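Remarks on the structure that follows.
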Amino acid sequence: MKAIIFDVDGVIVDVRESYHYAIKETAEFFLGQDVPVSVVKEIKFKKAINNDWDVTYEVIKEFGGEVEYSELVEKFTEIYEKLKYREKQLLSVEFFKELKSSGVPLGIVTGRPKGDLEFVLNRFNLRDFFDVTVDEDDVVDKNLRKPHPFPLHMCMESLGADMGIYVGDNNADREMVYFYRKIYGKPMKFVHFKRVVDIEVPADFETQSEEELKSFLLGEASRNLEGERVYLP
Ligand SMILES: [Mg+2]
């Protein structure tokens, strides 16, 4: 069975005004100096760091500062709480409704902590579309978090799927898919949704448009169902 699994930030929601600014403002708080948001993005995307606390830590280091990781997380959380209402929905309820009605199981693999994931799914009425979600809190061992393919493996196992498509927006996502194929040996396509961050990432399919993304995924889902019918007794 084939499953479609989504990243959240940069795919389902635009976090340019929330997480990216939370990184900037947290770094500024500890550094006592201005940090351009362009530098934040450069460090996040060039170094393919998935976790935004890690990005903040890296930004502070880059500017020659030092910080206790737990203090950073505390400050970051406080700032993000104020900025989270600035997030905008990128993929519509209609989009997920159509995918869901094609019969394909849907999942989420995200670097968001559980509370932040629940917040965004409830806020945009998306909760019911996903059969399985794997967030940062589900993966206890830090070394096994994205871009390590373990969270993707967890999601696939829980869905009972043996092939899949992952929709992501950056290099950390592509890396996760690449290593998933290598380590777990199951077919997994990488789709690059480049609506928000238009960077070059090798992908099986790429688009900026919700409509194009939908037809690609529906095509994949229907092929799967036809294929399955052949093997049914
Ligand atoms: Mg993302």
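We label chains A, B, ... in the order they appear in the structure tokens, count residues from 1 in each chain, and number ligands from 1 in the order shown.
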
Every residue of stretch 35-193 of chain A that DSSP places in strand (DSSP E or B), as a list in words: Lys88, Gln89, Leu106, Gly107, Ile108, Val109, Val132, Thr133, Val134, Met163, Gly164, Ile165, Tyr166, Val167, Gly168, Met188, Lys189, Phe190, Val191, His192 and Phe193 of chain A

Would you save the residues from that selection as a tab-separated table (two decimals), in the first residue's frame, using N, CA and C atoms?
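Okay, selection_22.tsv is ready:
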chain	number	residue	atom	x	y	z
A	88	LYS	N	0.54	31.24	7.99
A	88	LYS	CA	-0.52	31.20	6.98
A	88	LYS	C	-0.61	29.81	6.36
A	89	GLN	N	-1.82	29.41	6.05
A	89	GLN	CA	-2.05	28.09	5.45
A	89	GLN	C	-1.61	28.10	3.99
A	106	LEU	N	-2.85	9.22	4.60
A	106	LEU	CA	-2.02	10.42	4.69
A	106	LEU	C	-1.31	10.47	6.05
A	107	GLY	N	-0.07	10.91	6.02
A	107	GLY	CA	0.69	11.04	7.26
A	107	GLY	C	1.46	12.35	7.32
A	108	ILE	N	2.02	12.61	8.50
A	108	ILE	CA	2.86	13.80	8.70
A	108	ILE	C	4.15	13.37	9.38
A	109	VAL	N	5.28	13.87	8.89
A	109	VAL	CA	6.54	13.76	9.62
A	109	VAL	C	7.11	15.16	9.72
A	132	VAL	N	-1.73	9.18	10.57
A	132	VAL	CA	-0.60	9.07	11.49
A	132	VAL	C	0.22	10.36	11.44
A	133	THR	N	0.60	10.87	12.60
A	133	THR	CA	1.54	12.00	12.62
A	133	THR	C	2.74	11.64	13.50
A	134	VAL	N	3.92	12.02	13.04
A	134	VAL	CA	5.14	11.82	13.82
A	134	VAL	C	5.79	13.19	14.01
A	163	MET	N	5.19	1.53	0.41
A	163	MET	CA	5.81	2.50	-0.50
A	163	MET	C	5.16	3.86	-0.25
A	164	GLY	N	5.91	4.91	-0.61
A	164	GLY	CA	5.36	6.21	-0.27
A	164	GLY	C	5.91	7.36	-1.06
A	165	ILE	N	5.35	8.52	-0.73
A	165	ILE	CA	5.78	9.79	-1.31
A	165	ILE	C	5.89	10.75	-0.15
A	166	TYR	N	7.02	11.48	-0.09
A	166	TYR	CA	7.16	12.49	0.96
A	166	TYR	C	7.20	13.86	0.30
A	167	VAL	N	6.36	14.75	0.81
A	167	VAL	CA	6.31	16.12	0.28
A	167	VAL	C	7.01	17.05	1.26
A	168	GLY	N	8.14	17.62	0.82
A	168	GLY	CA	8.91	18.49	1.70
A	168	GLY	C	9.31	19.77	1.00
A	188	MET	N	10.37	5.22	-2.02
A	188	MET	CA	9.87	6.48	-1.46
A	188	MET	C	10.26	7.59	-2.42
A	189	LYS	N	9.26	8.28	-2.96
A	189	LYS	CA	9.57	9.40	-3.85
A	189	LYS	C	9.64	10.69	-3.06
A	190	PHE	N	10.47	11.62	-3.53
A	190	PHE	CA	10.54	12.93	-2.87
A	190	PHE	C	9.91	13.98	-3.78
A	191	VAL	N	8.92	14.67	-3.25
A	191	VAL	CA	8.29	15.77	-3.97
A	191	VAL	C	8.68	17.07	-3.29
A	192	HIS	N	9.20	17.99	-4.10
A	192	HIS	CA	9.62	19.29	-3.56
A	192	HIS	C	8.54	20.33	-3.82
A	193	PHE	N	7.90	20.77	-2.74
A	193	PHE	CA	6.90	21.84	-2.86
A	193	PHE	C	7.62	23.15	-2.58

Report as a tab-separated table the residues of chain A within 7 Å of ligand 1, each with its shortest atom pair and distance in Å (one decimal), using only C-alpha atoms and all ligand atoms, ordered by chain and increasing residue number.
residue	atom	partner	partner_atom_place_in_ligand_line	distance
A:Asp7	CA	ligand 1	1 (Mg)	5.6
A:Val8	CA	ligand 1	1 (Mg)	5.8
A:Asp9	CA	ligand 1	1 (Mg)	4.1
A:Gly10	CA	ligand 1	1 (Mg)	4.7
A:Val11	CA	ligand 1	1 (Mg)	6.2
A:Gly168	CA	ligand 1	1 (Mg)	5.8
A:Asp169	CA	ligand 1	1 (Mg)	5.0
A:Asn170	CA	ligand 1	1 (Mg)	6.1

Selection near A:Ser222, 9 Å with only C-alpha atoms, sequence-local residues under 5 positions removed, as number ranges by chain: A: 102-104, 217, 227

Those of stretch 35-221 of chain A in DSSP alpha helix (DSSP H), formatted as a ChimeraX atom specification: /A:37-46,52-62,69-83,93-101,114-123,150-159,171-184,210-221

Among listed residues A:Lys47, A:Lys61, A:Lys214, A:Lys146, nearest A:Arg112 (using only C-alpha atoms): A:Lys146

Minimum-distance residue to A:Val55, chosen among A:Ile79, A:Pro36, A:Ala27, A:Glu74 (using only C-alpha atoms):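 Nearest candidate to A:Val55 out of A:Ile79, A:Pro36, A:Ala27, A:Glu74: A:Ala27.
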
Selected residue of minimal separation from A:Gly64 among A:Tyr178, A:Phe30, A:Phe205, A:Tyr85, counting only C-alpha atoms: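 Between A:Tyr178, A:Phe30, A:Phe205, A:Tyr85, the residue approaching A:Gly64 most closely is A:Phe30.
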
For A:Cys155, the nearest of the candidates A:Pro202, A:Thr110, A:Arg181, A:Glu175, counting only C-alpha atoms: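 Looking at the shortest contact to A:Cys155, the residue is A:Thr110.
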
Name the residues in contact with A:Gln208 at a cut-off of 10 Å, using only C-alpha atoms, excluding same-chain residues fewer than 4 positions from it; report them as a tab-separated table (two decimals) with N, CA and C atoms, in the first residue's frame.
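Output (part-v2.tsv):
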chain	number	residue	atom	x	y	z
A	192	HIS	N	9.20	17.99	-4.10
A	192	HIS	CA	9.62	19.29	-3.56
A	192	HIS	C	8.54	20.33	-3.82
A	193	PHE	N	7.90	20.77	-2.74
A	193	PHE	CA	6.90	21.84	-2.86
A	193	PHE	C	7.62	23.15	-2.58
A	194	LYS	N	7.83	23.94	-3.65
A	194	LYS	CA	8.70	25.10	-3.51
A	194	LYS	C	7.93	26.42	-3.52
A	195	ARG	N	6.76	26.42	-2.93
A	195	ARG	CA	5.93	27.62	-2.91
A	195	ARG	C	6.61	28.77	-2.14
A	196	VAL	N	7.19	28.43	-0.99
A	196	VAL	CA	7.70	29.47	-0.10
A	196	VAL	C	9.19	29.73	-0.30
A	197	VAL	N	9.95	28.65	-0.27
A	197	VAL	CA	11.41	28.81	-0.40
A	197	VAL	C	11.83	28.21	-1.73
A	198	ASP	N	12.14	29.07	-2.68
A	198	ASP	CA	12.45	28.62	-4.02
A	198	ASP	C	13.93	28.29	-4.15
A	212	GLU	N	-1.08	21.63	-9.29
A	212	GLU	CA	-0.15	20.67	-9.89
A	212	GLU	C	0.24	19.57	-8.91
A	213	LEU	N	0.44	19.99	-7.68
A	213	LEU	CA	0.81	19.03	-6.64
A	213	LEU	C	-0.32	18.02	-6.47

All residues 10 Å or closer to A:Ala161, only C-alpha atoms, same chain fewer than 6 positions away omitted, as a ChimeraX atom specification: /A:1-4,105,153,155,186

Writing out the chosen residues with C-alpha atoms as a PDB file, in the first residue's frame:
ATOM      1  CA  MET A   1       0.000   0.000   0.000  1.00  0.00           C
ATOM      2  CA  LYS A   2       1.155   3.462  -0.891  1.00  0.00           C
ATOM      3  CA  ALA A   3       1.023   6.427   1.516  1.00  0.00           C
ATOM      4  CA  ILE A   4       1.523  10.157   1.101  1.00  0.00           C
ATOM      5  CA  PRO A 105      -3.574   7.115   3.636  1.00  0.00           C
ATOM      6  CA  HIS A 153      10.115   4.777   9.006  1.00  0.00           C
ATOM      7  CA  CYS A 155       5.243   6.840  10.144  1.00  0.00           C
ATOM      8  CA  LYS A 186      11.474   0.710   0.474  1.00  0.00           C
TER       9      LYS A 186
END

Which residue of A:Gly185, A:Gly111, A:Gly219, A:Gly160 approaches A:Lys142 most closely, using only C-alpha atoms: A:Gly111

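The space separating atom CA of A:Glu118 from atom CA of A:Asp141 comes to 21.2 Å.
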
Atom pair atom CA of A:Lys24 / atom CA of A:Glu200: separation (Å):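 Separation of atom CA of A:Lys24 and atom CA of A:Glu200: 23.8 Å.
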
Shell around A:Glu42 at 12 Å using only C-alpha atoms, local window under 2 positions removed, as an MDAnalysis selection string: chainID A and resid 20 24 35:40 44:49 55 58:59 62 197 199

Selected residue, from A:Ser18, A:Ser92, A:Thr26, A:Asn50, that lies nearest to A:Met176 when counting only C-alpha atoms: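 When distances to A:Met176 are compared using only C-alpha atoms, the smallest one comes from A:Asn50.
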